[in-house]
$ cat coords-v3.cif   # mmCIF, C-alpha atoms and all ligand atoms
data_input
loop_
_atom_site.label_atom_id
_atom_site.label_comp_id
_atom_site.auth_asym_id
_atom_site.auth_seq_id
_atom_site.Cartn_x
_atom_site.Cartn_y
_atom_site.Cartn_z
CA MET A 1 -196.54 177.91 158.22
CA ILE A 2 -194.60 177.80 154.97
CA CYS A 3 -196.02 174.42 153.96
CA ASN A 4 -199.33 172.71 154.73
CA ASN A 5 -197.60 169.63 156.18
CA LEU A 6 -196.50 171.66 159.24
CA THR A 7 -198.53 172.48 162.33
CA VAL A 8 -197.96 173.02 166.05
CA SER A 9 -199.47 170.71 168.67
CA GLU A 10 -201.13 171.82 171.90
CA ALA A 11 -197.92 170.91 173.72
CA GLY A 12 -196.14 173.42 171.48
CA HIS A 13 -194.34 170.75 169.46
CA LEU A 14 -193.78 171.06 165.73
CA VAL A 15 -195.89 168.47 163.91
CA PHE A 16 -194.69 167.37 160.46
CA ALA A 17 -196.76 165.14 158.16
CA GLY A 18 -198.91 164.32 161.17
CA VAL A 19 -196.12 163.20 163.52
CA ASP A 20 -194.65 164.93 166.57
CA THR A 21 -191.12 165.92 165.56
CA VAL A 22 -189.88 166.00 169.17
CA GLU A 23 -190.95 162.36 169.55
CA MET A 24 -189.19 161.50 166.31
CA ALA A 25 -185.96 163.15 167.50
CA LYS A 26 -186.17 161.09 170.72
CA LYS A 27 -186.93 157.86 168.90
CA TYR A 28 -184.27 158.06 166.16
CA GLY A 29 -181.71 160.50 167.57
CA THR A 30 -180.38 163.56 165.77
CA PRO A 31 -179.42 164.81 163.26
CA LEU A 32 -182.47 163.33 161.64
CA MET A 33 -184.09 163.95 158.30
CA LEU A 34 -187.83 163.35 158.09
CA LEU A 35 -189.54 162.93 154.72
CA ASP A 36 -193.26 163.21 153.95
CA GLU A 37 -194.20 160.56 151.40
CA GLY A 38 -197.66 162.06 150.87
CA LYS A 39 -196.13 165.40 149.90
CA ILE A 40 -193.66 163.78 147.48
CA ARG A 41 -196.51 161.87 145.81
CA GLU A 42 -198.72 164.97 145.75
CA LYS A 43 -196.01 166.90 143.86
CA CYS A 44 -195.40 164.03 141.44
CA SER A 45 -199.08 163.88 140.62
CA ILE A 46 -199.48 167.65 140.26
CA TYR A 47 -196.72 167.64 137.62
CA ARG A 48 -197.90 164.42 135.94
CA ASN A 49 -201.55 165.42 135.73
CA ALA A 50 -200.90 168.99 134.66
CA MET A 51 -198.41 167.98 131.99
CA GLN A 52 -200.70 165.31 130.54
CA LYS A 53 -203.64 167.66 130.59
CA TYR A 54 -202.05 170.86 129.27
CA PHE A 55 -199.30 169.58 126.95
CA THR A 56 -199.96 166.11 125.47
CA PRO A 57 -201.19 162.86 127.05
CA ASP A 58 -197.70 161.36 126.80
CA SER A 59 -195.93 164.35 128.35
CA MET A 60 -194.21 163.51 131.61
CA PRO A 61 -192.19 164.89 134.50
CA LEU A 62 -188.78 163.34 135.11
CA TYR A 63 -187.77 163.53 138.75
CA ALA A 64 -184.29 165.10 138.82
CA SER A 65 -182.95 162.56 141.24
CA LYS A 66 -179.74 164.41 142.04
CA ALA A 67 -181.93 166.42 144.45
CA LEU A 68 -182.26 163.34 146.68
CA SER A 69 -181.24 159.95 145.41
CA PHE A 70 -181.93 156.75 147.34
CA LYS A 71 -183.72 153.51 146.60
CA TYR A 72 -187.08 154.26 148.13
CA ILE A 73 -187.60 157.47 146.17
CA TYR A 74 -187.14 155.61 142.88
CA LYS A 75 -189.87 153.22 144.05
CA ILE A 76 -192.13 156.23 144.56
CA ALA A 77 -191.24 157.55 141.09
CA LYS A 78 -191.98 154.13 139.61
CA SER A 79 -195.38 153.87 141.25
CA GLU A 80 -196.24 157.47 140.37
CA ASN A 81 -195.61 156.60 136.72
CA ILE A 82 -193.10 159.33 136.11
CA GLY A 83 -189.60 159.27 134.63
CA ILE A 84 -186.27 160.10 136.23
CA ASP A 85 -183.24 162.17 135.37
CA CYS A 86 -179.93 160.66 136.47
CA VAL A 87 -176.50 162.25 136.30
CA SER A 88 -174.23 159.34 137.07
CA ALA A 89 -174.02 155.58 136.83
CA GLY A 90 -174.35 155.63 140.62
CA GLU A 91 -177.82 157.14 140.38
CA ILE A 92 -178.75 154.76 137.55
CA TYR A 93 -177.54 151.82 139.64
CA THR A 94 -179.55 152.96 142.66
CA ALA A 95 -182.69 153.30 140.53
CA GLN A 96 -182.09 149.88 139.02
CA GLN A 97 -181.68 148.30 142.47
CA ALA A 98 -185.03 149.85 143.40
CA GLY A 99 -186.65 148.16 140.40
CA PHE A 100 -187.19 151.37 138.48
CA PRO A 101 -187.86 150.74 134.75
CA LEU A 102 -184.76 152.30 133.19
CA GLU A 103 -186.40 152.91 129.84
CA ARG A 104 -187.99 155.88 131.66
CA ALA A 105 -184.54 157.17 132.73
CA TYR A 106 -182.73 160.08 131.08
CA PHE A 107 -178.97 160.09 131.55
CA HIS A 108 -177.54 163.59 131.98
CA GLY A 109 -174.12 165.01 132.71
CA ASN A 110 -171.36 166.89 130.97
CA SER A 111 -168.62 164.38 131.74
CA LYS A 112 -169.96 160.85 131.34
CA THR A 113 -167.12 158.35 131.41
CA ASP A 114 -166.80 155.47 128.94
CA SER A 115 -167.66 152.97 131.64
CA GLU A 116 -170.76 154.96 132.64
CA ILE A 117 -171.88 155.16 129.02
CA ARG A 118 -171.42 151.41 128.66
CA PHE A 119 -173.20 150.70 131.93
CA ALA A 120 -176.17 152.86 130.94
CA ILE A 121 -176.53 151.34 127.47
CA GLU A 122 -176.14 147.76 128.73
CA ASN A 123 -178.79 148.33 131.37
CA GLY A 124 -181.32 149.81 128.99
CA VAL A 125 -181.39 153.48 129.95
CA GLY A 126 -184.03 154.94 127.63
CA HIS A 127 -182.40 158.22 126.67
CA PHE A 128 -179.10 159.98 127.01
CA VAL A 129 -179.03 163.75 127.16
CA CYS A 130 -175.78 164.49 125.37
CA ASP A 131 -173.78 167.57 126.12
CA SER A 132 -171.18 167.87 123.36
CA VAL A 133 -170.06 166.59 119.93
CA GLU A 134 -167.39 164.44 121.50
CA GLU A 135 -169.89 162.84 123.85
CA VAL A 136 -172.31 162.02 121.02
CA GLU A 137 -169.41 160.40 119.16
CA ALA A 138 -168.44 158.40 122.24
CA VAL A 139 -172.01 157.20 122.77
CA ASN A 140 -172.24 156.29 119.08
CA GLU A 141 -169.03 154.29 119.25
CA ILE A 142 -169.89 152.40 122.45
CA ALA A 143 -173.47 151.72 121.34
CA GLY A 144 -172.08 150.36 118.06
CA ALA A 145 -169.66 148.07 119.89
CA LEU A 146 -172.57 146.75 121.94
CA GLY A 147 -174.72 146.28 118.83
CA ARG A 148 -177.25 148.83 120.01
CA LYS A 149 -178.82 152.03 118.82
CA GLN A 150 -179.14 154.57 121.64
CA LYS A 151 -181.85 157.23 121.76
CA ILE A 152 -180.49 160.66 122.63
CA LEU A 153 -181.52 164.23 123.21
CA LEU A 154 -179.09 167.08 122.74
CA ARG A 155 -178.61 169.64 125.45
CA ILE A 156 -178.91 173.13 124.04
CA THR A 157 -178.07 176.37 125.87
CA PRO A 158 -180.81 178.83 124.96
CA GLY A 159 -178.94 181.83 126.41
CA ILE A 160 -181.40 182.75 129.13
CA ASP A 161 -180.55 184.23 132.49
CA PRO A 162 -183.42 183.50 134.86
CA HIS A 163 -181.98 185.96 137.42
CA THR A 164 -180.98 183.45 140.01
CA HIS A 165 -177.76 182.87 141.91
CA LYS A 166 -174.83 182.52 139.49
CA LYS A 167 -173.75 179.09 140.73
CA ILE A 168 -177.18 177.66 140.04
CA SER A 169 -177.83 179.43 136.73
CA THR A 170 -176.96 177.23 133.77
CA GLY A 171 -178.74 178.39 130.61
CA SER A 172 -176.51 181.22 129.40
CA VAL A 173 -173.97 180.88 126.60
CA ASP A 174 -171.00 180.73 128.96
CA SER A 175 -171.87 177.48 130.68
CA LYS A 176 -170.09 174.19 131.12
CA PHE A 177 -173.39 172.60 130.05
CA GLY A 178 -174.77 172.16 126.56
CA VAL A 179 -174.10 173.70 123.18
CA ALA A 180 -175.19 177.21 122.23
CA ILE A 181 -177.55 178.26 119.46
CA GLU A 182 -176.00 181.72 119.36
CA THR A 183 -172.62 180.41 118.21
CA ASN A 184 -174.24 178.08 115.62
CA GLN A 185 -172.55 175.13 117.30
CA ALA A 186 -175.95 173.66 118.18
CA TYR A 187 -176.75 173.30 114.46
CA GLU A 188 -173.40 171.68 113.78
CA LEU A 189 -174.05 169.25 116.62
CA VAL A 190 -177.43 168.29 115.14
CA LYS A 191 -175.87 167.75 111.72
CA GLU A 192 -173.12 165.56 113.14
CA THR A 193 -175.57 163.56 115.28
CA LEU A 194 -177.87 162.87 112.32
CA SER A 195 -174.92 161.45 110.40
CA LEU A 196 -174.15 158.81 113.03
CA GLU A 197 -175.52 155.27 112.82
CA ASN A 198 -175.78 154.08 116.38
CA VAL A 199 -177.56 157.02 117.93
CA GLU A 200 -181.13 158.08 117.28
CA LEU A 201 -181.88 161.73 117.87
CA THR A 202 -185.33 162.20 119.44
CA GLY A 203 -185.25 165.83 120.49
CA PHE A 204 -183.71 168.60 122.51
CA HIS A 205 -183.19 169.60 126.10
CA CYS A 206 -182.55 172.83 127.94
CA HIS A 207 -182.28 173.69 131.61
CA ILE A 208 -182.18 177.36 132.46
CA GLY A 209 -181.49 177.32 136.19
CA SER A 210 -182.99 176.73 139.60
CA GLN A 211 -185.30 178.32 142.14
CA ILE A 212 -187.25 180.20 139.43
CA PHE A 213 -190.52 181.65 140.77
CA GLU A 214 -192.15 182.98 137.61
CA TYR A 215 -192.98 180.90 134.59
CA ASP A 216 -191.98 183.45 131.92
CA PRO A 217 -188.33 182.31 131.81
CA PHE A 218 -189.62 178.85 130.85
CA CYS A 219 -191.78 180.41 128.13
CA ASP A 220 -188.76 182.36 126.86
CA ALA A 221 -186.77 179.14 126.77
CA ALA A 222 -189.62 177.32 125.01
CA ARG A 223 -189.76 180.07 122.36
CA ILE A 224 -186.05 179.78 121.63
CA MET A 225 -186.16 175.98 121.61
CA LEU A 226 -189.20 175.74 119.36
CA ARG A 227 -187.71 178.21 116.92
CA PHE A 228 -184.58 176.06 116.97
CA ILE A 229 -186.70 172.95 116.31
CA ALA A 230 -188.34 174.72 113.36
CA ASP A 231 -184.94 175.83 111.97
CA VAL A 232 -183.55 172.32 112.32
CA LYS A 233 -186.60 170.95 110.50
CA LYS A 234 -186.01 173.39 107.64
CA MET A 235 -182.26 172.82 107.46
CA TYR A 236 -182.03 169.05 107.94
CA GLY A 237 -185.57 167.72 107.58
CA PHE A 238 -185.46 166.41 111.13
CA GLU A 239 -188.49 167.11 113.32
CA ALA A 240 -187.99 166.67 117.07
CA SER A 241 -190.55 164.48 118.81
CA GLN A 242 -189.40 165.45 122.32
CA LEU A 243 -188.71 168.78 123.99
CA ASN A 244 -187.33 168.70 127.50
CA LEU A 245 -187.68 172.04 129.28
CA GLY A 246 -185.53 171.06 132.27
CA GLY A 247 -186.16 171.70 135.94
CA GLY A 248 -185.90 174.73 138.15
CA MET A 249 -189.32 175.61 139.48
CA ALA A 250 -188.96 177.28 142.83
CA VAL A 251 -189.85 176.19 146.32
CA ARG A 252 -190.89 178.22 149.33
CA TYR A 253 -188.06 178.34 151.86
CA THR A 254 -189.26 181.24 154.01
CA GLU A 255 -192.36 183.34 154.59
CA ASP A 256 -190.85 185.97 152.28
CA ASP A 257 -191.13 183.61 149.31
CA PRO A 258 -194.45 183.68 147.45
CA GLU A 259 -196.68 180.61 147.29
CA ILE A 260 -196.31 178.72 144.05
CA ASP A 261 -199.12 177.21 142.00
CA TYR A 262 -197.35 174.53 139.97
CA ASP A 263 -200.46 173.53 138.05
CA ALA A 264 -201.07 177.14 136.96
CA ASN A 265 -197.41 177.58 135.98
CA ILE A 266 -197.49 174.46 133.82
CA LYS A 267 -200.73 175.61 132.20
CA GLY A 268 -199.14 179.01 131.52
CA ILE A 269 -196.15 177.38 129.84
CA ALA A 270 -198.37 174.97 127.87
CA ASP A 271 -200.52 177.81 126.49
CA ILE A 272 -197.40 179.50 125.13
CA VAL A 273 -195.89 176.25 123.83
CA LYS A 274 -199.07 175.44 121.90
CA ALA A 275 -199.24 178.94 120.40
CA LEU A 276 -195.56 178.78 119.43
CA CYS A 277 -195.95 175.41 117.73
CA GLY A 278 -198.62 176.97 115.54
CA GLU A 279 -196.53 180.09 114.93
CA PHE A 280 -193.44 178.11 113.90
CA GLY A 281 -195.28 175.36 112.06
CA VAL A 282 -193.98 172.41 114.07
CA LYS A 283 -196.03 169.62 115.57
CA MET A 284 -196.45 169.66 119.32
CA PRO A 285 -193.64 167.50 120.74
CA GLN A 286 -193.90 165.32 123.82
CA ILE A 287 -192.90 167.71 126.60
CA LEU A 288 -190.63 166.65 129.45
CA MET A 289 -189.80 168.66 132.56
CA GLU A 290 -187.25 167.80 135.22
CA PRO A 291 -188.37 169.00 138.64
CA GLY A 292 -185.99 168.09 141.45
CA ARG A 293 -186.25 170.64 144.23
CA SER A 294 -189.98 171.22 143.80
CA ILE A 295 -190.69 167.49 144.21
CA VAL A 296 -188.77 166.89 147.43
CA ALA A 297 -187.72 170.13 149.14
CA ASP A 298 -190.80 170.82 151.27
CA ALA A 299 -191.28 167.10 151.81
CA GLY A 300 -188.24 167.20 154.09
CA ILE A 301 -187.18 168.71 157.39
CA THR A 302 -184.04 168.23 159.46
CA LEU A 303 -183.97 167.95 163.24
CA TYR A 304 -180.91 168.72 165.33
CA THR A 305 -180.17 168.92 169.02
CA ALA A 306 -179.01 172.30 170.28
CA GLY A 307 -175.51 172.38 171.74
CA TYR A 308 -174.16 175.57 173.27
CA LEU A 309 -175.27 179.16 173.23
CA LYS A 310 -172.49 181.66 172.69
CA GLU A 311 -173.40 185.28 173.33
CA ILE A 312 -170.70 187.59 172.03
CA THR A 313 -171.21 190.77 174.00
CA GLY A 314 -172.29 193.66 171.81
CA LEU A 315 -172.06 191.60 168.60
CA LYS A 316 -174.18 188.51 168.07
CA ASN A 317 -175.31 185.15 169.40
CA TYR A 318 -174.56 181.68 168.12
CA ILE A 319 -176.38 178.47 168.89
CA SER A 320 -174.48 175.34 167.90
CA ILE A 321 -176.12 172.14 166.68
CA ASP A 322 -175.06 168.50 166.29
CA GLY A 323 -174.96 168.68 162.46
CA GLY A 324 -174.22 171.38 159.92
CA MET A 325 -172.52 171.64 156.53
CA THR A 326 -171.95 167.87 156.54
CA ASP A 327 -175.71 167.32 156.12
CA ASN A 328 -176.71 170.75 154.73
CA PRO A 329 -173.96 172.70 152.95
CA ARG A 330 -176.34 175.08 151.17
CA PHE A 331 -175.86 178.17 153.31
CA THR A 332 -172.12 177.66 153.13
CA LEU A 333 -172.28 177.29 149.34
CA TYR A 334 -174.97 179.77 148.30
CA GLN A 335 -176.13 181.65 151.45
CA SER A 336 -179.44 179.85 150.94
CA PRO A 337 -182.32 181.04 153.09
CA TYR A 338 -184.01 178.57 155.46
CA THR A 339 -186.71 178.75 158.09
CA VAL A 340 -185.38 177.58 161.46
CA LEU A 341 -187.40 177.07 164.63
CA LEU A 342 -187.35 175.31 167.96
CA ALA A 343 -189.46 172.19 167.48
CA ASN A 344 -190.02 171.61 171.21
CA ARG A 345 -191.08 175.23 171.90
CA ALA A 346 -192.82 176.10 168.66
CA ASN A 347 -195.53 178.17 170.38
CA GLU A 348 -193.18 180.47 172.32
CA PRO A 349 -192.46 184.02 171.16
CA CYS A 350 -189.53 184.38 168.79
CA ASP A 351 -187.84 187.31 170.51
CA TYR A 352 -184.20 186.25 170.48
CA LYS A 353 -181.85 186.67 167.53
CA CYS A 354 -179.15 184.08 166.96
CA THR A 355 -177.10 182.46 164.24
CA VAL A 356 -177.40 178.70 163.88
CA ALA A 357 -173.90 177.25 163.60
CA GLY A 358 -172.85 173.77 162.54
CA ARG A 359 -170.33 171.62 164.33
CA CYS A 360 -167.54 171.60 161.73
CA CYS A 361 -164.13 173.23 162.05
CA GLU A 362 -164.97 175.81 159.42
CA SER A 363 -166.18 179.36 160.18
CA GLY A 364 -168.44 179.15 157.13
CA ASP A 365 -170.31 176.19 158.60
CA ILE A 366 -173.53 178.07 159.26
CA ILE A 367 -177.09 176.87 158.68
CA GLN A 368 -178.70 180.30 158.90
CA GLU A 369 -177.77 183.75 160.17
CA ASP A 370 -179.77 185.98 162.51
CA VAL A 371 -182.77 183.74 163.10
CA MET A 372 -185.52 184.94 165.45
CA MET A 373 -186.47 182.19 167.91
CA PRO A 374 -187.13 181.69 171.61
CA LYS A 375 -183.80 181.94 173.47
CA PRO A 376 -182.40 178.45 172.81
CA ARG A 377 -181.30 176.09 175.55
CA ARG A 378 -179.02 173.09 175.48
CA HIS A 379 -180.90 169.99 174.23
CA ASP A 380 -183.69 171.93 172.54
CA THR A 381 -184.75 170.35 169.24
CA VAL A 382 -183.85 172.65 166.36
CA ALA A 383 -185.86 172.15 163.17
CA VAL A 384 -184.71 173.37 159.76
CA LEU A 385 -187.57 173.32 157.26
CA THR A 386 -187.62 172.56 153.52
CA THR A 387 -184.45 170.46 153.54
CA GLY A 388 -185.60 167.62 151.27
CA ALA A 389 -183.62 168.77 148.23
CA TYR A 390 -179.84 169.09 147.93
CA ASN A 391 -179.17 168.45 151.60
CA TYR A 392 -178.67 164.73 152.16
CA ALA A 393 -177.69 164.51 148.48
CA MET A 394 -174.79 166.87 149.18
CA ALA A 395 -173.84 165.38 152.55
CA SER A 396 -170.17 164.68 153.21
CA HIS A 397 -167.95 163.02 155.79
CA TYR A 398 -166.06 166.21 156.55
CA ASN A 399 -164.69 166.03 160.07
CA LYS A 400 -165.69 162.35 159.93
CA VAL A 401 -169.26 163.14 160.87
CA PRO A 402 -171.59 160.22 160.00
CA LYS A 403 -174.49 160.98 157.66
CA PRO A 404 -177.86 161.27 159.43
CA GLU A 405 -180.74 158.82 159.47
CA VAL A 406 -183.56 159.44 156.99
CA VAL A 407 -187.04 158.49 158.13
CA MET A 408 -190.11 158.41 155.89
CA ILE A 409 -193.55 159.34 157.20
CA LYS A 410 -196.40 157.67 155.37
CA ASP A 411 -200.01 157.89 156.58
CA GLY A 412 -198.77 158.76 160.06
CA GLU A 413 -196.37 155.78 160.21
CA ASP A 414 -192.61 156.34 160.46
CA PHE A 415 -189.94 154.01 159.08
CA THR A 416 -186.26 154.26 158.21
CA VAL A 417 -185.37 154.61 154.53
CA ILE A 418 -181.67 155.37 154.99
CA ARG A 419 -179.98 154.07 158.13
CA ARG A 420 -177.77 156.33 160.19
CA GLU A 421 -174.14 155.80 159.32
CA THR A 422 -171.96 154.26 161.94
CA TYR A 423 -168.27 154.89 162.52
CA GLU A 424 -167.65 151.36 161.20
CA SER A 425 -169.64 151.90 158.00
CA MET A 426 -167.89 155.21 157.46
CA ILE A 427 -164.45 153.60 157.38
CA SER A 428 -165.54 150.42 155.63
CA ASN A 429 -163.61 151.26 152.44
CA GLU A 430 -160.44 152.19 154.25
CA VAL A 431 -157.53 149.73 154.25
C1 LIG B 1 -180.43 170.34 138.60
C2 LIG B 1 -181.13 170.00 137.37
C3 LIG B 1 -182.51 169.78 137.41
C4 LIG B 1 -183.34 169.97 138.63
O1 LIG B 1 -183.37 171.30 139.02
P1 LIG B 1 -184.36 171.72 140.23
O2 LIG B 1 -184.03 173.15 140.45
O3 LIG B 1 -184.00 170.87 141.40
O4 LIG B 1 -185.74 171.50 139.77
C5 LIG B 1 -183.11 169.37 136.25
N1 LIG B 1 -182.42 169.20 135.10
C6 LIG B 1 -181.08 169.41 135.03
C7 LIG B 1 -180.38 169.19 133.77
C8 LIG B 1 -180.40 169.82 136.16
O5 LIG B 1 -179.10 170.04 136.09
#
$ encode --input "coords-v3.cif" --output "C-alpha cells"
Amino acid sequence: MICNNLTVSEAGHLVFAGVDTVEMAKKYGTPLMLLDEGKIREKCSIYRNAMQKYFTPDSMPLYASKALSFKYIYKIAKSENIGIDCVSAGEIYTAQQAGFPLERAYFHGNSKTDSEIRFAIENGVGHFVCDSVEEVEAVNEIAGALGRKQKILLRITPGIDPHTHKKISTGSVDSKFGVAIETNQAYELVKETLSLENVELTGFHCHIGSQIFEYDPFCDAARIMLRFIADVKKMYGFEASQLNLGGGMAVRYTEDDPEIDYDANIKGIADIVKALCGEFGVKMPQILMEPGRSIVADAGITLYTAGYLKEITGLKNYISIDGGMTDNPRFTLYQSPYTVLLANRANEPCDYKCTVAGRCCESGDIIQEDVMMPKPRRHDTVAVLTTGAYNYAMASHYNKVPKPEVVMIKDGEDFTVIRRETYESMISNEV
C-alpha cells in the first residue's frame, strides 16, 4: 500500500499502525481520525538526523504546526528535539500549554496583530519571521515597550514557481507573503531592520510552496537566498547566521505518486548549499526547514461509516459518508487526490466506481471522485488515507457537524488525544 504503516488482515480488515481499523471505528465511533505516533516520530528523526548530518550539527527541522496543531503533537516535537513553526497566538498558546520550550518556536504569519506580537514576546518565542517593513516596525516598537530585544528572520520571496497548485504556491513575486528580491524591496527591508534597536536580525526565510516532489526547486531557492545573503553582506556588512528554507516536501497520496526519500532529498539540497556557500564566499548558516505535511500526512487516516448508495442511471454513483468537508475540505478546496478504500472489505476486488460524497448541504462537498472499490453497502467502514495534514486543522462546524475524535496509536495501544466534540461543547460560546 501507499505507506508501510498499512496492511490488510486475514479477515480482510485494513490494519493501520498495527491496529484493526474496523475495531477502532466500532470502539470510538465515526468519523474518526487515527494517528500513528511511530510514523510521526520516524519523520521527525529522519529530518533531524539528515539535517544535522548534511548541513551543520545545529541545523534543525521546525514542524509547521498549522498542518495539525494540538497539545500532544507539541509534546512529540519537544521530545524529538525539533523546533516548531507557529502562525498564530493560538498555536503558540497550544504549544505552551503542552510544555513546549518556546525559544524553539518561530512565529510566522503575514498579519500578526499587536496583541499576538505582545503575547509572543512576553512568552519568550525565540524568533519571529517578519513579513513586511511595517511588521518589523511594530515588533520593534512592542519589544521596546516590553524592554526586550526580539530575534527575527525576514521572509523573502525568491520568485520561484515550484509548479504546484496556485493556491498552495507562495514563492513567486506576486504573493501576499514576504518581500521580493526582484523589486529591491528585500534590500530596503534589511537596511531598515538593521537600523532598529529592539530587533535583532538573525537571518532569512523563504517558503516556495507545497507538495513538491523534486528537490531542485529547493536548490534553486537556496541559490537565490545565498546570493542574497552574500549581497547583503557586501552592502551592509551583515552576515546571516540562519537560513530557513521553508516547508513543502511532498507526500504520497495515491499509488500514482512516486515514493519519496527525504534523507536523500536533504542530502541533495545540502550538497548544493555547501557548494554555493563556497561560491558566494559566505559561511555556512544554520539551516532550518519547516516540514508540515511530510511529518504528519501519512501518519493519519480517517474512518467514516457509509451512508447511502445513489446510482444515477447512465451517469455515476455516489456513496455518502457521515463526515466530509467539515473534517476534510481539501478536495473541495484544491481537488486534492486521496486513496479511499473499504476498511472492512479491504481484500475484495475493487470493481465498482463511485464518488465519495460528504454529508454537507453543498454540492462541492466531495472527498474523492470516481474511486474504484467493492460495491459499498450501508454501514461499511470507509477509510481515507493520508489525512494527517490539513484535515483536522481545517475542520469547521459547517452544518453544525461536531469535529471528529482523534485517536493516537502508539506501540499498538490506542488512546484519545482530541475528544469528539459534543453538541454542548459546540455551542459553548453561544449566548
Ligand atoms: C505551510 C507552510 C509550511 C509547511 O508546508 P508543508 O507543505 O506542509 O510542508 C512551512 N512554512 C511556511 C511558511 C508555510 O506557510
$ closest_residue --input "coords-v3.cif" --among "A:Glu141, A:Asp85, A:Glu279, A:Glu311" --to "ligand LIG 1 (chain B)" --atoms "all atoms listed in the file"
A:Asp85
$ residues_near_ligand --input "coords-v3.cif" --ligand "ligand LIG 1 (chain B)" --cutoff "6 Å" --atoms "all atoms listed in the file" --output "ChimeraX atom specification"
/A:64,67,207,210-211,246-249,290-294
$ residues_near_point --input "coords-v3.cif" --point "(-181.0, 175.6, 112.1)" --cutoff "9 Å" --atoms "all atoms listed in the file" --output "list in words"
Ile181, Asn184, Ala186, Tyr187, Glu188, Val190, Arg227, Phe228, Ile229, Ala230, Asp231, Val232, Lys233, Lys234, Met235 and Tyr236 of chain A
$ residues_around --input "coords-v3.cif" --residues "Lys310 of chain A" --least-positions-apart "6" --cutoff "8 Å" --atoms "only C-alpha atoms" --output "list of chain:residue names"
A:Asn317, A:Tyr318, A:Ile319
$ residues_around --input "coords-v3.cif" --residues "Ala143 of chain A" --least-positions-apart "4" --cutoff "8 Å" --atoms "all atoms listed in the file" --output "JSON, numbers by chain"
{"A": [118, 121, 139, 147, 148, 149, 150, 198, 199]}
$ residues_near_point --input "coords-v3.cif" --point "(-195.8, 152.6, 135.1)" --cutoff "12 Å" --atoms "all atoms listed in the file" --output "number ranges by chain"
A: 60, 75-83, 99-104
$ closest_residue --input "coords-v3.cif" --among "A:Thr157, A:Val282, A:Ala138, A:Met1" --to "Leu14 of chain A" --atoms "only C-alpha atoms"
A:Met1
$ residues_around --input "coords-v3.cif" --residues "segment 385-396 of chain A" --least-positions-apart "6" --cutoff "7 Å" --atoms "all atoms listed in the file" --output "list of chain:residue names"
A:Lys66, A:Ala67, A:Leu68, A:Ser69, A:Tyr253, A:Arg293, A:Val296, A:Ala297, A:Asp298, A:Ala299, A:Gly300, A:Ile301, A:Thr302, A:Thr326, A:Asp327, A:Asn328, A:Pro329, A:Tyr338, A:Thr339, A:Val340, A:Lys403
$ closest_residue --input "coords-v3.cif" --among "A:Pro374, A:Gly237, A:Pro158, A:Gly278" --to "Pro217 of chain A" --atoms "all atoms listed in the file"
A:Pro158
$ closest_residue --input "coords-v3.cif" --among "A:Phe213, A:Phe107, A:Phe128, A:Phe204" --to "Ala89 of chain A" --atoms "all atoms listed in the file"
A:Phe107
$ decode --input "coords-v3.cif" --residues "segment 128-138 of chain A" --atoms "N, CA, C and O atoms" --output "PDB file, in the first residue's frame"
ATOM      1  N   PHE A 128      10.778  35.581  15.511  1.00  0.00           N
ATOM      2  CA  PHE A 128       9.667  35.958  14.636  1.00  0.00           C
ATOM      3  C   PHE A 128      10.168  35.798  13.202  1.00  0.00           C
ATOM      4  O   PHE A 128      11.354  36.000  12.937  1.00  0.00           O
ATOM      5  N   VAL A 129       9.272  35.439  12.297  1.00  0.00           N
ATOM      6  CA  VAL A 129       9.593  35.524  10.880  1.00  0.00           C
ATOM      7  C   VAL A 129       8.738  36.659  10.351  1.00  0.00           C
ATOM      8  O   VAL A 129       7.515  36.525  10.248  1.00  0.00           O
ATOM      9  N   CYS A 130       9.372  37.797  10.099  1.00  0.00           N
ATOM     10  CA  CYS A 130       8.617  39.007   9.763  1.00  0.00           C
ATOM     11  C   CYS A 130       8.399  39.109   8.269  1.00  0.00           C
ATOM     12  O   CYS A 130       9.252  38.757   7.461  1.00  0.00           O
ATOM     13  N   ASP A 131       7.255  39.643   7.932  1.00  0.00           N
ATOM     14  CA  ASP A 131       6.748  39.586   6.570  1.00  0.00           C
ATOM     15  C   ASP A 131       6.771  40.924   5.834  1.00  0.00           C
ATOM     16  O   ASP A 131       6.586  40.974   4.619  1.00  0.00           O
ATOM     17  N   SER A 132       6.967  42.022   6.549  1.00  0.00           N
ATOM     18  CA  SER A 132       6.909  43.332   5.893  1.00  0.00           C
ATOM     19  C   SER A 132       7.617  44.376   6.752  1.00  0.00           C
ATOM     20  O   SER A 132       7.878  44.150   7.932  1.00  0.00           O
ATOM     21  N   VAL A 133       7.907  45.541   6.156  1.00  0.00           N
ATOM     22  CA  VAL A 133       8.546  46.642   6.887  1.00  0.00           C
ATOM     23  C   VAL A 133       7.672  47.057   8.065  1.00  0.00           C
ATOM     24  O   VAL A 133       8.151  47.213   9.189  1.00  0.00           O
ATOM     25  N   GLU A 134       6.395  47.207   7.804  1.00  0.00           N
ATOM     26  CA  GLU A 134       5.500  47.658   8.876  1.00  0.00           C
ATOM     27  C   GLU A 134       5.493  46.684  10.042  1.00  0.00           C
ATOM     28  O   GLU A 134       5.422  47.073  11.197  1.00  0.00           O
ATOM     29  N   GLU A 135       5.548  45.386   9.716  1.00  0.00           N
ATOM     30  CA  GLU A 135       5.540  44.404  10.805  1.00  0.00           C
ATOM     31  C   GLU A 135       6.827  44.509  11.624  1.00  0.00           C
ATOM     32  O   GLU A 135       6.790  44.469  12.857  1.00  0.00           O
ATOM     33  N   VAL A 136       7.968  44.629  10.956  1.00  0.00           N
ATOM     34  CA  VAL A 136       9.234  44.746  11.687  1.00  0.00           C
ATOM     35  C   VAL A 136       9.171  45.955  12.619  1.00  0.00           C
ATOM     36  O   VAL A 136       9.587  45.897  13.772  1.00  0.00           O
ATOM     37  N   GLU A 137       8.605  47.052  12.120  1.00  0.00           N
ATOM     38  CA  GLU A 137       8.497  48.259  12.945  1.00  0.00           C
ATOM     39  C   GLU A 137       7.579  48.026  14.140  1.00  0.00           C
ATOM     40  O   GLU A 137       7.861  48.481  15.251  1.00  0.00           O
ATOM     41  N   ALA A 138       6.497  47.290  13.909  1.00  0.00           N
ATOM     42  CA  ALA A 138       5.571  47.005  15.009  1.00  0.00           C
ATOM     43  C   ALA A 138       6.244  46.125  16.063  1.00  0.00           C
ATOM     44  O   ALA A 138       6.124  46.360  17.274  1.00  0.00           O
TER      45      ALA A 138
END
